[in-house]
file coords-v8.cif (mmCIF, N, CA and C atoms)
data_final
loop_
_atom_site.label_atom_id
_atom_site.label_comp_id
_atom_site.auth_asym_id
_atom_site.auth_seq_id
_atom_site.Cartn_x
_atom_site.Cartn_y
_atom_site.Cartn_z
N ARG A 24 41.45 53.97 65.36
CA ARG A 24 41.53 53.04 66.47
C ARG A 24 42.88 52.35 66.45
N PRO A 25 43.58 52.30 67.57
CA PRO A 25 44.92 51.67 67.59
C PRO A 25 44.83 50.18 67.31
N THR A 26 45.84 49.67 66.62
CA THR A 26 45.88 48.24 66.31
C THR A 26 46.83 47.47 67.19
N SER A 27 47.82 48.16 67.74
CA SER A 27 48.79 47.47 68.59
C SER A 27 49.53 48.49 69.43
N VAL A 28 50.30 47.98 70.37
CA VAL A 28 51.14 48.80 71.21
C VAL A 28 52.58 48.52 70.82
N VAL A 29 53.36 49.56 70.66
CA VAL A 29 54.76 49.40 70.32
C VAL A 29 55.55 49.36 71.62
N ALA A 30 56.23 48.25 71.85
CA ALA A 30 57.03 48.10 73.07
C ALA A 30 58.38 48.76 72.87
N ARG A 31 58.75 49.56 73.81
CA ARG A 31 60.08 50.17 73.83
C ARG A 31 60.99 49.29 74.68
N GLN A 32 62.27 49.53 74.59
CA GLN A 32 63.22 48.69 75.33
C GLN A 32 62.92 48.68 76.82
N SER A 33 62.47 49.81 77.35
CA SER A 33 62.20 49.87 78.78
C SER A 33 60.93 49.15 79.19
N THR A 34 60.06 48.85 78.24
CA THR A 34 58.78 48.24 78.59
C THR A 34 58.54 46.90 77.92
N ASP A 35 59.50 46.39 77.18
CA ASP A 35 59.23 45.19 76.41
C ASP A 35 59.23 43.91 77.23
N LEU A 36 59.74 43.92 78.43
CA LEU A 36 59.61 42.77 79.32
C LEU A 36 58.78 43.21 80.52
N CYS A 37 57.83 42.38 80.88
CA CYS A 37 57.03 42.74 82.04
C CYS A 37 57.91 42.70 83.29
N TYR A 38 57.48 43.41 84.30
CA TYR A 38 58.24 43.42 85.55
C TYR A 38 58.13 42.05 86.19
N VAL A 39 59.27 41.44 86.43
CA VAL A 39 59.34 40.13 87.07
C VAL A 39 60.39 40.21 88.16
N ASP A 40 60.00 39.84 89.36
CA ASP A 40 60.96 39.94 90.47
C ASP A 40 61.81 38.70 90.66
N ASP A 41 61.57 37.66 89.89
CA ASP A 41 62.37 36.44 89.98
C ASP A 41 63.47 36.48 88.92
N PRO A 42 64.73 36.48 89.33
CA PRO A 42 65.82 36.60 88.35
C PRO A 42 65.90 35.43 87.37
N GLU A 43 65.53 34.23 87.78
CA GLU A 43 65.57 33.09 86.87
C GLU A 43 64.47 33.18 85.80
N VAL A 44 63.30 33.61 86.21
CA VAL A 44 62.21 33.80 85.24
C VAL A 44 62.58 34.92 84.28
N LEU A 45 63.17 35.97 84.80
CA LEU A 45 63.60 37.08 83.96
C LEU A 45 64.64 36.61 82.94
N LYS A 46 65.60 35.79 83.37
CA LYS A 46 66.58 35.21 82.43
C LYS A 46 65.88 34.43 81.33
N ALA A 47 64.89 33.64 81.74
CA ALA A 47 64.16 32.82 80.76
C ALA A 47 63.40 33.71 79.77
N LEU A 48 62.74 34.75 80.26
CA LEU A 48 61.99 35.66 79.39
C LEU A 48 62.93 36.39 78.43
N GLU A 49 64.07 36.81 78.92
CA GLU A 49 65.05 37.48 78.06
C GLU A 49 65.58 36.52 76.99
N PHE A 50 65.81 35.26 77.36
CA PHE A 50 66.27 34.27 76.40
C PHE A 50 65.21 34.07 75.31
N ILE A 51 63.96 33.96 75.71
CA ILE A 51 62.87 33.81 74.73
C ILE A 51 62.83 35.01 73.80
N LYS A 52 62.90 36.20 74.36
CA LYS A 52 62.83 37.42 73.56
C LYS A 52 63.95 37.48 72.53
N LYS A 53 65.14 37.05 72.91
CA LYS A 53 66.29 37.12 72.00
C LYS A 53 66.33 35.98 70.99
N ASN A 54 65.67 34.87 71.29
CA ASN A 54 65.83 33.66 70.47
C ASN A 54 64.56 33.08 69.88
N PHE A 55 63.42 33.76 70.00
CA PHE A 55 62.15 33.17 69.58
C PHE A 55 62.10 32.82 68.10
N GLU A 56 62.91 33.47 67.28
CA GLU A 56 62.88 33.18 65.84
C GLU A 56 63.69 31.94 65.48
N ARG A 57 64.45 31.44 66.43
CA ARG A 57 65.19 30.19 66.25
C ARG A 57 64.29 29.03 66.67
N PRO A 58 64.63 27.82 66.27
CA PRO A 58 63.80 26.67 66.65
C PRO A 58 64.06 26.21 68.09
N ILE A 59 63.90 27.11 69.04
CA ILE A 59 64.12 26.75 70.45
C ILE A 59 62.89 26.09 71.03
N GLN A 60 63.12 25.32 72.07
CA GLN A 60 62.05 24.66 72.81
C GLN A 60 62.21 24.98 74.28
N SER A 61 61.29 24.50 75.08
CA SER A 61 61.32 24.81 76.51
C SER A 61 62.61 24.34 77.17
N GLU A 62 63.18 23.23 76.72
CA GLU A 62 64.44 22.75 77.30
C GLU A 62 65.58 23.74 77.08
N ASP A 63 65.58 24.41 75.94
CA ASP A 63 66.60 25.42 75.67
C ASP A 63 66.45 26.60 76.63
N VAL A 64 65.22 26.94 76.93
CA VAL A 64 64.94 28.03 77.87
C VAL A 64 65.45 27.63 79.26
N VAL A 65 65.18 26.40 79.66
CA VAL A 65 65.65 25.92 80.96
C VAL A 65 67.17 26.01 81.04
N GLU A 66 67.86 25.62 79.99
CA GLU A 66 69.32 25.64 79.97
C GLU A 66 69.89 27.05 80.07
N ALA A 67 69.08 28.06 79.77
CA ALA A 67 69.53 29.45 79.87
C ALA A 67 69.49 29.95 81.31
N THR A 68 68.97 29.13 82.21
CA THR A 68 68.89 29.50 83.62
C THR A 68 69.80 28.60 84.44
N THR A 69 69.80 28.83 85.74
CA THR A 69 70.66 28.02 86.61
C THR A 69 69.86 27.11 87.54
N ILE A 70 68.57 26.94 87.26
CA ILE A 70 67.75 26.09 88.12
C ILE A 70 67.22 24.89 87.33
N SER A 71 66.63 23.97 88.03
CA SER A 71 66.13 22.75 87.39
C SER A 71 64.89 23.05 86.55
N ARG A 72 64.61 22.10 85.69
CA ARG A 72 63.44 22.21 84.81
C ARG A 72 62.17 22.36 85.63
N ARG A 73 62.00 21.50 86.61
CA ARG A 73 60.79 21.52 87.44
C ARG A 73 60.64 22.86 88.17
N ALA A 74 61.74 23.35 88.74
CA ALA A 74 61.70 24.62 89.47
C ALA A 74 61.34 25.78 88.53
N LEU A 75 61.94 25.80 87.34
CA LEU A 75 61.63 26.88 86.41
C LEU A 75 60.18 26.81 85.94
N TYR A 76 59.69 25.61 85.64
CA TYR A 76 58.30 25.47 85.21
C TYR A 76 57.35 26.00 86.28
N TYR A 77 57.64 25.65 87.52
CA TYR A 77 56.80 26.11 88.63
C TYR A 77 56.86 27.63 88.77
N LYS A 78 58.07 28.19 88.78
CA LYS A 78 58.23 29.63 88.94
C LYS A 78 57.61 30.39 87.77
N PHE A 79 57.76 29.87 86.58
CA PHE A 79 57.22 30.51 85.39
C PHE A 79 55.69 30.61 85.50
N LYS A 80 55.07 29.49 85.80
CA LYS A 80 53.61 29.45 85.90
C LYS A 80 53.13 30.37 87.02
N ARG A 81 53.81 30.34 88.16
CA ARG A 81 53.42 31.16 89.30
C ARG A 81 53.64 32.65 89.03
N THR A 82 54.73 32.99 88.35
CA THR A 82 55.10 34.39 88.15
C THR A 82 54.33 35.06 87.02
N ILE A 83 54.23 34.39 85.86
CA ILE A 83 53.57 35.05 84.74
C ILE A 83 52.25 34.39 84.32
N GLY A 84 51.91 33.29 84.97
CA GLY A 84 50.62 32.66 84.71
C GLY A 84 50.54 31.84 83.45
N ARG A 85 51.68 31.57 82.84
CA ARG A 85 51.73 30.76 81.62
C ARG A 85 52.88 29.78 81.73
N SER A 86 52.80 28.73 80.93
CA SER A 86 53.93 27.80 80.85
C SER A 86 55.00 28.39 79.93
N ILE A 87 56.15 27.79 79.93
CA ILE A 87 57.22 28.23 79.03
C ILE A 87 56.77 28.08 77.58
N ASN A 88 56.17 26.95 77.25
CA ASN A 88 55.70 26.75 75.87
C ASN A 88 54.63 27.76 75.49
N ASP A 89 53.72 28.07 76.41
CA ASP A 89 52.70 29.08 76.13
C ASP A 89 53.33 30.43 75.86
N GLU A 90 54.36 30.78 76.61
CA GLU A 90 55.04 32.06 76.41
C GLU A 90 55.78 32.09 75.08
N LEU A 91 56.45 31.00 74.73
CA LEU A 91 57.10 30.91 73.42
C LEU A 91 56.08 31.10 72.30
N ARG A 92 54.98 30.42 72.41
CA ARG A 92 53.92 30.52 71.40
C ARG A 92 53.37 31.95 71.33
N ARG A 93 53.15 32.57 72.49
CA ARG A 93 52.60 33.93 72.52
C ARG A 93 53.55 34.92 71.86
N VAL A 94 54.84 34.82 72.16
CA VAL A 94 55.83 35.72 71.57
C VAL A 94 55.89 35.53 70.06
N ARG A 95 55.87 34.30 69.61
CA ARG A 95 55.92 34.02 68.17
C ARG A 95 54.66 34.51 67.46
N VAL A 96 53.51 34.28 68.06
CA VAL A 96 52.26 34.74 67.46
C VAL A 96 52.22 36.26 67.40
N ASP A 97 52.69 36.93 68.44
CA ASP A 97 52.74 38.40 68.42
C ASP A 97 53.66 38.91 67.31
N HIS A 98 54.77 38.20 67.09
CA HIS A 98 55.68 38.58 66.02
C HIS A 98 55.01 38.40 64.66
N ILE A 99 54.32 37.30 64.49
CA ILE A 99 53.60 37.06 63.23
C ILE A 99 52.56 38.16 63.03
N ALA A 100 51.83 38.50 64.08
CA ALA A 100 50.81 39.54 63.98
C ALA A 100 51.44 40.87 63.56
N LYS A 101 52.59 41.17 64.12
CA LYS A 101 53.29 42.41 63.77
C LYS A 101 53.65 42.41 62.29
N LEU A 102 54.17 41.30 61.80
CA LEU A 102 54.54 41.21 60.38
C LEU A 102 53.31 41.30 59.48
N LEU A 103 52.21 40.72 59.91
CA LEU A 103 50.98 40.81 59.12
C LEU A 103 50.51 42.25 58.98
N VAL A 104 50.68 43.02 60.04
CA VAL A 104 50.21 44.41 60.06
C VAL A 104 51.20 45.35 59.37
N GLU A 105 52.48 45.13 59.58
CA GLU A 105 53.48 46.10 59.14
C GLU A 105 54.14 45.80 57.80
N THR A 106 53.87 44.63 57.23
CA THR A 106 54.50 44.30 55.94
C THR A 106 53.46 43.80 54.96
N ASN A 107 53.89 43.71 53.73
CA ASN A 107 53.06 43.09 52.69
C ASN A 107 53.60 41.71 52.32
N LEU A 108 54.46 41.15 53.17
CA LEU A 108 54.98 39.81 52.90
C LEU A 108 53.82 38.83 52.78
N PRO A 109 53.91 37.89 51.86
CA PRO A 109 52.86 36.87 51.77
C PRO A 109 52.76 36.09 53.08
N ILE A 110 51.56 35.71 53.44
CA ILE A 110 51.35 34.99 54.70
C ILE A 110 52.19 33.72 54.73
N ALA A 111 52.27 33.02 53.63
CA ALA A 111 53.06 31.78 53.58
C ALA A 111 54.53 32.04 53.90
N ARG A 112 55.04 33.18 53.45
CA ARG A 112 56.45 33.51 53.73
C ARG A 112 56.65 33.87 55.20
N ILE A 113 55.69 34.58 55.78
CA ILE A 113 55.77 34.91 57.20
C ILE A 113 55.77 33.63 58.03
N VAL A 114 54.85 32.73 57.69
CA VAL A 114 54.72 31.48 58.42
C VAL A 114 55.98 30.61 58.27
N ALA A 115 56.58 30.64 57.10
CA ALA A 115 57.78 29.82 56.86
C ALA A 115 58.92 30.20 57.81
N GLY A 116 58.95 31.42 58.27
CA GLY A 116 60.03 31.85 59.15
C GLY A 116 59.71 31.78 60.63
N CYS A 117 58.62 31.14 61.00
CA CYS A 117 58.19 31.20 62.41
C CYS A 117 58.53 29.95 63.22
N GLN A 118 59.27 29.02 62.66
CA GLN A 118 59.77 27.85 63.39
C GLN A 118 58.70 26.85 63.82
N TYR A 119 57.57 26.84 63.17
CA TYR A 119 56.60 25.78 63.42
C TYR A 119 56.74 24.74 62.32
N THR A 120 56.29 23.53 62.61
CA THR A 120 56.48 22.45 61.64
C THR A 120 55.48 22.49 60.50
N SER A 121 54.37 23.17 60.69
CA SER A 121 53.40 23.23 59.60
C SER A 121 52.56 24.50 59.66
N PHE A 122 52.06 24.86 58.50
CA PHE A 122 51.18 26.03 58.40
C PHE A 122 49.94 25.83 59.28
N ARG A 123 49.46 24.61 59.30
CA ARG A 123 48.26 24.30 60.09
C ARG A 123 48.46 24.60 61.58
N ASN A 124 49.65 24.26 62.10
CA ASN A 124 49.95 24.57 63.50
C ASN A 124 49.95 26.07 63.75
N VAL A 125 50.60 26.81 62.87
CA VAL A 125 50.64 28.27 63.02
C VAL A 125 49.24 28.84 62.99
N ALA A 126 48.45 28.41 62.03
CA ALA A 126 47.08 28.92 61.92
C ALA A 126 46.27 28.61 63.17
N ARG A 127 46.43 27.42 63.72
CA ARG A 127 45.70 27.04 64.93
C ARG A 127 46.14 27.88 66.13
N TYR A 128 47.46 28.00 66.33
CA TYR A 128 47.97 28.79 67.45
C TYR A 128 47.58 30.26 67.32
N PHE A 129 47.65 30.77 66.10
CA PHE A 129 47.30 32.17 65.87
C PHE A 129 45.83 32.40 66.20
N ARG A 130 44.98 31.51 65.72
CA ARG A 130 43.54 31.65 65.99
C ARG A 130 43.24 31.54 67.49
N GLN A 131 43.92 30.65 68.18
CA GLN A 131 43.71 30.52 69.64
C GLN A 131 44.09 31.80 70.36
N GLU A 132 45.19 32.41 69.94
CA GLU A 132 45.70 33.60 70.63
C GLU A 132 44.95 34.87 70.23
N LYS A 133 44.68 35.04 68.95
CA LYS A 133 44.12 36.29 68.44
C LYS A 133 42.63 36.22 68.12
N LYS A 134 42.04 35.04 68.20
CA LYS A 134 40.60 34.84 67.97
C LYS A 134 40.16 35.16 66.54
N MET A 135 41.10 35.05 65.60
CA MET A 135 40.78 35.19 64.18
C MET A 135 41.91 34.58 63.36
N SER A 136 41.63 34.35 62.09
CA SER A 136 42.63 33.74 61.22
C SER A 136 43.72 34.76 60.87
N LEU A 137 44.80 34.25 60.30
CA LEU A 137 45.89 35.12 59.84
C LEU A 137 45.39 36.14 58.83
N LEU A 138 44.62 35.69 57.86
CA LEU A 138 44.10 36.59 56.83
C LEU A 138 43.12 37.60 57.42
N GLN A 139 42.23 37.15 58.29
CA GLN A 139 41.29 38.08 58.93
C GLN A 139 42.04 39.15 59.72
N TYR A 140 43.09 38.76 60.41
CA TYR A 140 43.88 39.70 61.19
C TYR A 140 44.51 40.74 60.27
N ARG A 141 45.11 40.28 59.18
CA ARG A 141 45.73 41.22 58.23
C ARG A 141 44.69 42.15 57.63
N GLN A 142 43.54 41.63 57.27
CA GLN A 142 42.50 42.46 56.68
C GLN A 142 41.95 43.49 57.67
N LYS A 143 41.87 43.10 58.92
CA LYS A 143 41.32 44.00 59.93
C LYS A 143 42.31 45.06 60.39
N PHE A 144 43.58 44.67 60.59
CA PHE A 144 44.55 45.58 61.18
C PHE A 144 45.66 46.03 60.24
N GLY A 145 45.81 45.36 59.11
CA GLY A 145 46.93 45.66 58.22
C GLY A 145 46.83 47.05 57.60
N ASN A 146 47.98 47.61 57.35
CA ASN A 146 48.06 48.91 56.69
C ASN A 146 48.23 48.70 55.19
N ALA A 147 47.72 49.58 54.42
CA ALA A 147 47.96 49.54 52.97
C ALA A 147 49.34 50.12 52.73
N ILE A 148 50.33 49.25 52.68
CA ILE A 148 51.72 49.69 52.54
C ILE A 148 52.05 49.91 51.08
#
call {"tool": "encode", "arguments": {"input": "coords-v8.cif", "output": "structure tokens"}}
result
Amino acid sequence: RPTSVVARQSTDLCYVDDPEVLKALEFIKKNFERPIQSEDVVEATTISRRALYYKFKRTIGRSINDELRRVRVDHIAKLLVETNLPIARIVAGCQYTSFRNVARYFRQEKKMSLLQYRQKFGNAI
């Protein structure tokens, strides 16, 4: 049973017809491992904060913060499955202020704990 989908360069960003939202998504994709926040994403575009928030929600159905969180959680999930790095080390590199926050966001997104996810989908590397 497949555990994940591998995104190729041609498919790693969803089709978005709004150039400002696309700029924001590309910025998130390139910088999610840095301690960026929604304001940094806004600065990567040429429109106001309010306009980008509205377009983001309308276009992809999530807020900028939700998208940042989703991208980071997906990256953590990938590391849990593809590496034997200790969970604490993976979490340390994810730009959250505490392990508890990561665990909460991960559970909200994936409907299981970090350890449960690794046990269910991880490979014996």
call {"tool": "closest_residue", "arguments": {"input": "coords-v8.cif", "among": "A:Ser86, A:Glu49, A:Val96, A:Phe79", "to": "Cys117 (chain A)", "atoms": "only N, CA and C atoms"}}
result
A:Val96
call {"tool": "residues_around", "arguments": {"input": "coords-v8.cif", "residues": "region 57-67 of chain A", "least_positions_apart": "5", "cutoff": "6.5 Å", "atoms": "all atoms listed in the file", "output": "JSON, numbers by chain"}}
result
{"A": [46, 47, 51, 72, 87, 88, 118]}
call {"tool": "write_last_selection", "arguments": {"input": "coords-v8.cif", "atoms": "N, CA and C atoms", "output": "CSV table (one decimal), in the coordinates of the input"}}
result
chain,number,residue,atom,x,y,z
A,46,LYS,N,65.6,35.8,83.4
A,46,LYS,CA,66.6,35.2,82.4
A,46,LYS,C,65.9,34.4,81.3
A,47,ALA,N,64.9,33.6,81.7
A,47,ALA,CA,64.2,32.8,80.8
A,47,ALA,C,63.4,33.7,79.8
A,51,ILE,N,64.0,34.0,75.7
A,51,ILE,CA,62.9,33.8,74.7
A,51,ILE,C,62.8,35.0,73.8
A,72,ARG,N,64.6,22.1,85.7
A,72,ARG,CA,63.4,22.2,84.8
A,72,ARG,C,62.2,22.4,85.6
A,87,ILE,N,56.2,27.8,79.9
A,87,ILE,CA,57.2,28.2,79.0
A,87,ILE,C,56.8,28.1,77.6
A,88,ASN,N,56.2,27.0,77.2
A,88,ASN,CA,55.7,26.8,75.9
A,88,ASN,C,54.6,27.8,75.5
A,118,GLN,N,59.3,29.0,62.7
A,118,GLN,CA,59.8,27.8,63.4
A,118,GLN,C,58.7,26.8,63.8
call {"tool": "atom_distance", "arguments": {"input": "coords-v8.cif", "atom1": "atom N of Lys52 (chain A)", "atom2": "atom C of Asn146 (chain A)"}}
result
27.2 Å
call {"tool": "residues_around", "arguments": {"input": "coords-v8.cif", "residues": "Ala126 (chain A)", "least_positions_apart": "6", "cutoff": "8 Å", "atoms": "only N, CA and C atoms", "output": "PDB file with N, CA and C atoms, in the coordinates of the input"}}
result
ATOM      1  N   VAL A 114      54.850  32.730  57.690  1.00  0.00           N
ATOM      2  CA  VAL A 114      54.720  31.480  58.420  1.00  0.00           C
ATOM      3  C   VAL A 114      55.980  30.610  58.270  1.00  0.00           C
ATOM      4  N   GLU A 132      45.190  32.410  69.940  1.00  0.00           N
ATOM      5  CA  GLU A 132      45.700  33.600  70.630  1.00  0.00           C
ATOM      6  C   GLU A 132      44.950  34.870  70.230  1.00  0.00           C
ATOM      7  N   MET A 135      41.100  35.050  65.600  1.00  0.00           N
ATOM      8  CA  MET A 135      40.780  35.190  64.180  1.00  0.00           C
ATOM      9  C   MET A 135      41.910  34.580  63.360  1.00  0.00           C
ATOM     10  N   SER A 136      41.630  34.350  62.090  1.00  0.00           N
ATOM     11  CA  SER A 136      42.630  33.740  61.220  1.00  0.00           C
ATOM     12  C   SER A 136      43.720  34.760  60.870  1.00  0.00           C
ATOM     13  N   LEU A 137      44.800  34.250  60.300  1.00  0.00           N
ATOM     14  CA  LEU A 137      45.890  35.120  59.840  1.00  0.00           C
ATOM     15  C   LEU A 137      45.390  36.140  58.830  1.00  0.00           C
TER      16      LEU A 137
END
call {"tool": "atom_distance", "arguments": {"input": "coords-v8.cif", "atom1": "atom N of Arg95 (chain A)", "atom2": "atom C of Phe55 (chain A)"}}
result
6.6 Å
call {"tool": "closest_residue", "arguments": {"input": "coords-v8.cif", "among": "A:Ser71, A:Asn54, A:Thr82, A:Gln142", "to": "Asp40 (chain A)", "atoms": "all atoms listed in the file"}}
result
A:Thr82
call {"tool": "closest_residue", "arguments": {"input": "coords-v8.cif", "among": "A:Val125, A:Arg73, A:Leu103, A:Tyr38", "to": "Arg141 (chain A)", "atoms": "all atoms listed in the file"}}
result
A:Leu103
